[in-house]
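Here the structure is laid out as structure tokens; the discussion comes afterwards.
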Amino acid sequence: MKRINLAPGASRALVYLLATLMALWVLFPIYLVGVAAFSPRQVIYEWPKAIVPRTWSLETMLFFLNSHGVLASTRNSVLVALITLAISLVLGAPAGYALARFPFRGRDTFRILVLSTRAFPIVILSIPLAVSFIQWGMYDSLLSVALMHTALALPFTILVTSSVFAGVPYDLEEAAMTLGCNRLQAFLRVALPLTLPGLAAAAIFTFVLSWNEVFAAVILTLRNRTLPAQVLTVLNESPIPFRFAGGFFMLAPALVFIFIIRRYLFNLWGRVVK
């Protein structure tokens with residue numbers, strides 16, 4: 001088979017074209033949902049749909065926000081995501097540092113065991129978890145949902161942070177300890193600042209996972225619903241404008257969070273390229 005060699009300019013153009021197509025594949029549905037969320041309610045039922053909207057309105061979004069339970073469930077989702085993010089980083093960062101810095105027997109096996117916890121379907125664990133939280137007096141609380149989300153996100157956080165810490169030369173910490181720092185101070189002042197891009201990536205994953213997770217929130221709560229659980233319970237009886245506005249409203253915080261933290265990801269990308 002004859003191999004086709006592309007010029008450097010053609011190869012770069014092909015890469016940009018594929019990246020553009022992939023971006024459009026992801027962004028175009030978000031754009032359509034956003035257009036529907038900020039269109040008048042009667043426009044949503046029109047056919048054919050206009051790609052470029054002729055009118056803008058907050059009617060659909062206000063209709064969603066004024067629906068029963070939406071604002072309370074939004075507050076619950078934010079609190080659960082922040083608690084999950086804090087616990088995952090507090091537990092995951094030291095665990096990842098230990099995996100990267102301290103060789104011990106069975107370290108690779110431990111990595112596999114950490115990752116294998118994600119292999120257990122949450123459907124199987126839901127009933128035992130609900131019974132356990134009822135016995136502990138934690139059922140229908142935000143803390144129970146946050147602990148469940150932490151269990152889902154923690155394996156990824158540990159593996160990402162261990163890889164990030166492994167990329168930081170240990171010589172830098174040794175140099176800090178020769179200048180008067182103890183191991184904890186060297187970790188906090190040298191290793192931790194250099195791993196902020198990787199921690200940002202883990203934080204994005206944890207926040208988005210907690211914000212979008214719905215099954216555990218439905219099983220473990222009745223009155224203190226998170227936003228995805230609240231929307232899911234009323235979705236079948238809701239009109240189409242409610243669905244479009246709810247979809248965009250659930251997308252927006254994750255997009256804003258990624259936008260704020262993106263500079264850490266750019267720093268990580270530059271470090272990897274170097």
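We name chains A, B, ... following the order of the structure tokens; residues begin at 1 in each chain, and ligands are numbered from 1 as shown.
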Exercise for review: Step one, run DSSP on the backbone; step two, keep only residues of region 130-184 of chain A assigned to helix (DSSP H, G or I); then write them as number ranges by chain.
Suggested key: A: 130-135, 142-166, 170-178, 183-184
If you count only C-alpha atoms, which residues fall within 6 Å of region 87-104 of chain A, apart from same-chain ones fewer than 5 positions away, as an mmCIF file with C-alpha atoms, in the first residue's frame?
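Produced file out-v6.cif, reproduced below:
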```cif
data_model
loop_
_atom_site.group_PDB
_atom_site.id
_atom_site.type_symbol
_atom_site.label_atom_id
_atom_site.label_comp_id
_atom_site.auth_asym_id
_atom_site.auth_seq_id
_atom_site.Cartn_x
_atom_site.Cartn_y
_atom_site.Cartn_z
ATOM 1 C CA THR A 150 -16.716 11.739 46.945
ATOM 2 C CA LEU A 154 -11.883 10.015 44.770
ATOM 3 C CA THR A 157 -8.482 12.364 42.031
ATOM 4 C CA ILE A 158 -5.906 10.013 43.570
ATOM 5 C CA THR A 161 -2.662 13.785 41.585
ATOM 6 C CA SER A 162 -0.211 10.877 41.852
ATOM 7 C CA PHE A 165 3.289 14.730 41.753
ATOM 8 C CA ALA A 166 5.408 12.133 39.942
#
```
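Residue nearest Ile83 (chain A), chosen from A:Trp211, A:Gly167, A:Leu196, A:Gln42 and counting only C-alpha atoms: A:Trp211.
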Where does region 186-224 of chain A meet region 61-82 of chain A within 12 Å, residue by residue, with the nearest atom pair and distance in Å to one decimal for each, counting only C-alpha atoms, listed by chain and rising number, as CSV?
```
residue,atom,partner,partner_atom,distance
A:Ala203,CA,A:Leu82,CA,9.8
A:Ile204,CA,A:Ala81,CA,10.5
A:Phe205,CA,A:Ala81,CA,10.7
A:Thr206,CA,A:Ala81,CA,7.7
A:Phe207,CA,A:Ala81,CA,5.4
A:Val208,CA,A:Ala81,CA,8.0
A:Leu209,CA,A:Ala81,CA,8.3
A:Ser210,CA,A:Ala81,CA,5.2
A:Trp211,CA,A:Ala81,CA,5.9
A:Asn212,CA,A:Ser77,CA,8.9
A:Glu213,CA,A:Ser77,CA,9.7
A:Val214,CA,A:Ser77,CA,10.4
A:Ala216,CA,A:Val80,CA,11.9
A:Ala217,CA,A:Ser77,CA,9.6
A:Val218,CA,A:Ser73,CA,12.0
A:Thr221,CA,A:Asn76,CA,11.1
A:Leu222,CA,A:Ser73,CA,11.4
A:Arg223,CA,A:Ser73,CA,9.3
A:Asn224,CA,A:Ser73,CA,7.0
```
Please produce a file of those selected residues containing N, CA and C atoms, as a PDB file, in the first residue's frame.
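Ended up saving to part-v7.pdb:
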```
ATOM      1  N   ALA A 203     -10.119  18.971  40.025  1.00  0.00           N
ATOM      2  CA  ALA A 203     -11.229  19.741  40.587  1.00  0.00           C
ATOM      3  C   ALA A 203     -12.355  19.894  39.577  1.00  0.00           C
ATOM      4  N   ILE A 204     -12.005  20.137  38.309  1.00  0.00           N
ATOM      5  CA  ILE A 204     -13.035  20.254  37.273  1.00  0.00           C
ATOM      6  C   ILE A 204     -13.830  18.963  37.159  1.00  0.00           C
ATOM      7  N   PHE A 205     -13.115  17.842  37.104  1.00  0.00           N
ATOM      8  CA  PHE A 205     -13.797  16.561  36.994  1.00  0.00           C
ATOM      9  C   PHE A 205     -14.701  16.327  38.192  1.00  0.00           C
ATOM     10  N   THR A 206     -14.205  16.605  39.385  1.00  0.00           N
ATOM     11  CA  THR A 206     -14.991  16.353  40.600  1.00  0.00           C
ATOM     12  C   THR A 206     -16.234  17.225  40.639  1.00  0.00           C
ATOM     13  N   PHE A 207     -16.073  18.513  40.330  1.00  0.00           N
ATOM     14  CA  PHE A 207     -17.216  19.422  40.362  1.00  0.00           C
ATOM     15  C   PHE A 207     -18.277  19.014  39.347  1.00  0.00           C
ATOM     16  N   VAL A 208     -17.844  18.730  38.117  1.00  0.00           N
ATOM     17  CA  VAL A 208     -18.797  18.370  37.066  1.00  0.00           C
ATOM     18  C   VAL A 208     -19.476  17.043  37.394  1.00  0.00           C
ATOM     19  N   LEU A 209     -18.718  16.075  37.917  1.00  0.00           N
ATOM     20  CA  LEU A 209     -19.320  14.788  38.284  1.00  0.00           C
ATOM     21  C   LEU A 209     -20.390  14.972  39.352  1.00  0.00           C
ATOM     22  N   SER A 210     -20.078  15.759  40.385  1.00  0.00           N
ATOM     23  CA  SER A 210     -21.045  15.968  41.453  1.00  0.00           C
ATOM     24  C   SER A 210     -22.257  16.755  40.963  1.00  0.00           C
ATOM     25  N   TRP A 211     -22.019  17.765  40.122  1.00  0.00           N
ATOM     26  CA  TRP A 211     -23.120  18.599  39.643  1.00  0.00           C
ATOM     27  C   TRP A 211     -24.094  17.806  38.771  1.00  0.00           C
ATOM     28  N   ASN A 212     -23.559  16.892  37.954  1.00  0.00           N
ATOM     29  CA  ASN A 212     -24.397  16.166  36.998  1.00  0.00           C
ATOM     30  C   ASN A 212     -24.953  14.848  37.534  1.00  0.00           C
ATOM     31  N   GLU A 213     -24.384  14.335  38.628  1.00  0.00           N
ATOM     32  CA  GLU A 213     -24.806  13.018  39.120  1.00  0.00           C
ATOM     33  C   GLU A 213     -26.246  13.071  39.602  1.00  0.00           C
ATOM     34  N   VAL A 214     -27.029  12.086  39.220  1.00  0.00           N
ATOM     35  CA  VAL A 214     -28.458  12.136  39.511  1.00  0.00           C
ATOM     36  C   VAL A 214     -28.948  10.908  40.269  1.00  0.00           C
ATOM     37  N   ALA A 216     -27.599   8.742  42.598  1.00  0.00           N
ATOM     38  CA  ALA A 216     -27.396   8.725  44.043  1.00  0.00           C
ATOM     39  C   ALA A 216     -28.251   9.788  44.730  1.00  0.00           C
ATOM     40  N   ALA A 217     -28.379  10.956  44.097  1.00  0.00           N
ATOM     41  CA  ALA A 217     -29.192  12.017  44.696  1.00  0.00           C
ATOM     42  C   ALA A 217     -30.660  11.619  44.769  1.00  0.00           C
ATOM     43  N   VAL A 218     -31.146  10.892  43.769  1.00  0.00           N
ATOM     44  CA  VAL A 218     -32.541  10.450  43.786  1.00  0.00           C
ATOM     45  C   VAL A 218     -32.769   9.404  44.864  1.00  0.00           C
ATOM     46  N   THR A 221     -32.140  11.032  48.727  1.00  0.00           N
ATOM     47  CA  THR A 221     -32.867  12.219  49.182  1.00  0.00           C
ATOM     48  C   THR A 221     -34.339  12.118  48.809  1.00  0.00           C
ATOM     49  N   LEU A 222     -35.143  12.802  49.610  1.00  0.00           N
ATOM     50  CA  LEU A 222     -36.566  12.945  49.312  1.00  0.00           C
ATOM     51  C   LEU A 222     -36.974  14.410  49.220  1.00  0.00           C
ATOM     52  N   ARG A 223     -36.593  15.187  50.231  1.00  0.00           N
ATOM     53  CA  ARG A 223     -36.936  16.606  50.252  1.00  0.00           C
ATOM     54  C   ARG A 223     -35.756  17.485  49.833  1.00  0.00           C
ATOM     55  N   ASN A 224     -34.546  17.090  50.200  1.00  0.00           N
ATOM     56  CA  ASN A 224     -33.355  17.885  49.878  1.00  0.00           C
ATOM     57  C   ASN A 224     -32.768  17.426  48.548  1.00  0.00           C
TER      58      ASN A 224
END
```
*Selection: 12 Å around Leu125 (chain A), only C-alpha atoms, excl. self and same-chain fewer than 5 positions, as a list in words*: Thr117, Arg118, Ala119, Phe120, Ala130, Val131, Ser132, Met148, Ala151, Leu152, Phe215, Ala216, Ile219 and Leu220 of chain A
Write to file, as a PDB file, in the first residue's frame, the residues of the selection just made, with C-alpha atoms.
```
ATOM      1  CA  THR A 117     -13.841   0.779  42.952  1.00  0.00           C
ATOM      2  CA  ARG A 118     -15.398   2.524  39.947  1.00  0.00           C
ATOM      3  CA  ALA A 119     -16.288  -0.891  38.511  1.00  0.00           C
ATOM      4  CA  PHE A 120     -19.046  -1.427  41.070  1.00  0.00           C
ATOM      5  CA  ALA A 130     -29.643   4.015  51.615  1.00  0.00           C
ATOM      6  CA  VAL A 131     -30.147   1.527  54.474  1.00  0.00           C
ATOM      7  CA  SER A 132     -26.793   2.462  56.022  1.00  0.00           C
ATOM      8  CA  MET A 148     -21.418   9.319  47.814  1.00  0.00           C
ATOM      9  CA  ALA A 151     -16.570   7.950  46.711  1.00  0.00           C
ATOM     10  CA  LEU A 152     -17.218   8.237  42.974  1.00  0.00           C
ATOM     11  CA  PHE A 215     -28.934   8.512  40.564  1.00  0.00           C
ATOM     12  CA  ALA A 216     -27.396   8.725  44.043  1.00  0.00           C
ATOM     13  CA  ILE A 219     -31.964   7.392  45.999  1.00  0.00           C
ATOM     14  CA  LEU A 220     -30.530   9.214  49.015  1.00  0.00           C
TER      15      LEU A 220
END
```
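Across A:Leu194, A:Leu159, A:Ile30, A:Ala202, the tightest approach to Ile112 (chain A) is made by A:Leu159 when counting only C-alpha atoms.
Among the candidate residues A:Met250, A:Pro239, A:Pro40, A:Thr226, the one lying nearest to Ser141 (chain A) is A:Thr226, with distances computed using only C-alpha atoms.
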Extract, using only C-alpha atoms, all DNA, RNA and protein residues at most 12 Å from Leu184 (chain A), discarding same-chain residues fewer than 4 positions from it, and format them as a ChimeraX atom specification. /A:94,97,173-174,176-177,180,188-192
Emit the selected residues as a CSV table (one decimal), in the first residue's frame, including C-alpha atoms.
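This is the output file part36.csv:
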```
chain,number,residue,atom,x,y,z
A,94,PRO,CA,-2.0,13.4,50.1
A,97,TYR,CA,1.5,12.3,46.9
A,173,GLU,CA,11.8,19.2,47.8
A,174,GLU,CA,15.2,18.0,48.9
A,176,ALA,CA,13.9,23.0,50.2
A,177,MET,CA,14.6,20.7,53.1
A,180,GLY,CA,15.4,24.6,56.6
A,188,LEU,CA,3.1,22.9,50.9
A,189,ARG,CA,5.6,25.5,49.5
A,190,VAL,CA,7.3,23.6,46.7
A,191,ALA,CA,5.4,20.6,45.4
A,192,LEU,CA,1.8,21.8,45.9
```
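Among the candidate residues A:Pro241, A:Pro193, A:Gly198, A:Gly137, the one lying nearest to Ser163 (chain A) is A:Gly198, with distances computed using only C-alpha atoms.
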So what do you get for CA of Trp25 (chain A) versus CA of Leu251 (chain A), distance-wise?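 Computed distance, CA of Trp25 (chain A) to CA of Leu251 (chain A), equals 15.9 Å.
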A straight line from CA of Thr233 (chain A) to CA of Phe249 (chain A) spans 16.2 Å
By how many Å are CA of Ser126 (chain A) and CA of Ala229 (chain A) apart?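 One can read the CA of Ser126 (chain A) to CA of Ala229 (chain A) distance as 14.8 Å.
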Task: Spatial neighbours of Ala252 (chain A), max dist 12 Å, only C-alpha atoms, sep filter under 4 positions, as a list in words - done: Ile30, Tyr31, Val33, Gly34, Ala37, Thr74, Val208, Trp211, Asn212, Ala245, Gly246, Gly247, Phe248, Val256, Phe257, Ile258 and Phe259 of chain A
Writer output for current selection, C-alpha atoms, as a compact mmCIF listing (two decimals), in the first residue's frame:
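Final output, saved to again32.txt:
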```
# COMPACT_ATOMS: atom_id res chain seq x y z
CA ILE A 30 -25.21 23.45 23.67
CA TYR A 31 -25.84 26.42 21.39
CA VAL A 33 -30.25 24.46 23.97
CA GLY A 34 -29.09 27.96 24.91
CA ALA A 37 -33.64 28.65 26.78
CA THR A 74 -29.78 24.63 42.88
CA VAL A 208 -18.80 18.37 37.07
CA TRP A 211 -23.12 18.60 39.64
CA ASN A 212 -24.40 16.17 37.00
CA ALA A 245 -34.24 25.99 30.28
CA GLY A 246 -33.41 23.26 32.78
CA GLY A 247 -30.82 21.73 30.46
CA PHE A 248 -29.06 25.04 29.91
CA VAL A 256 -18.44 28.92 34.22
CA PHE A 257 -16.32 26.80 36.58
CA ILE A 258 -14.21 25.52 33.67
CA PHE A 259 -13.85 29.08 32.31
```
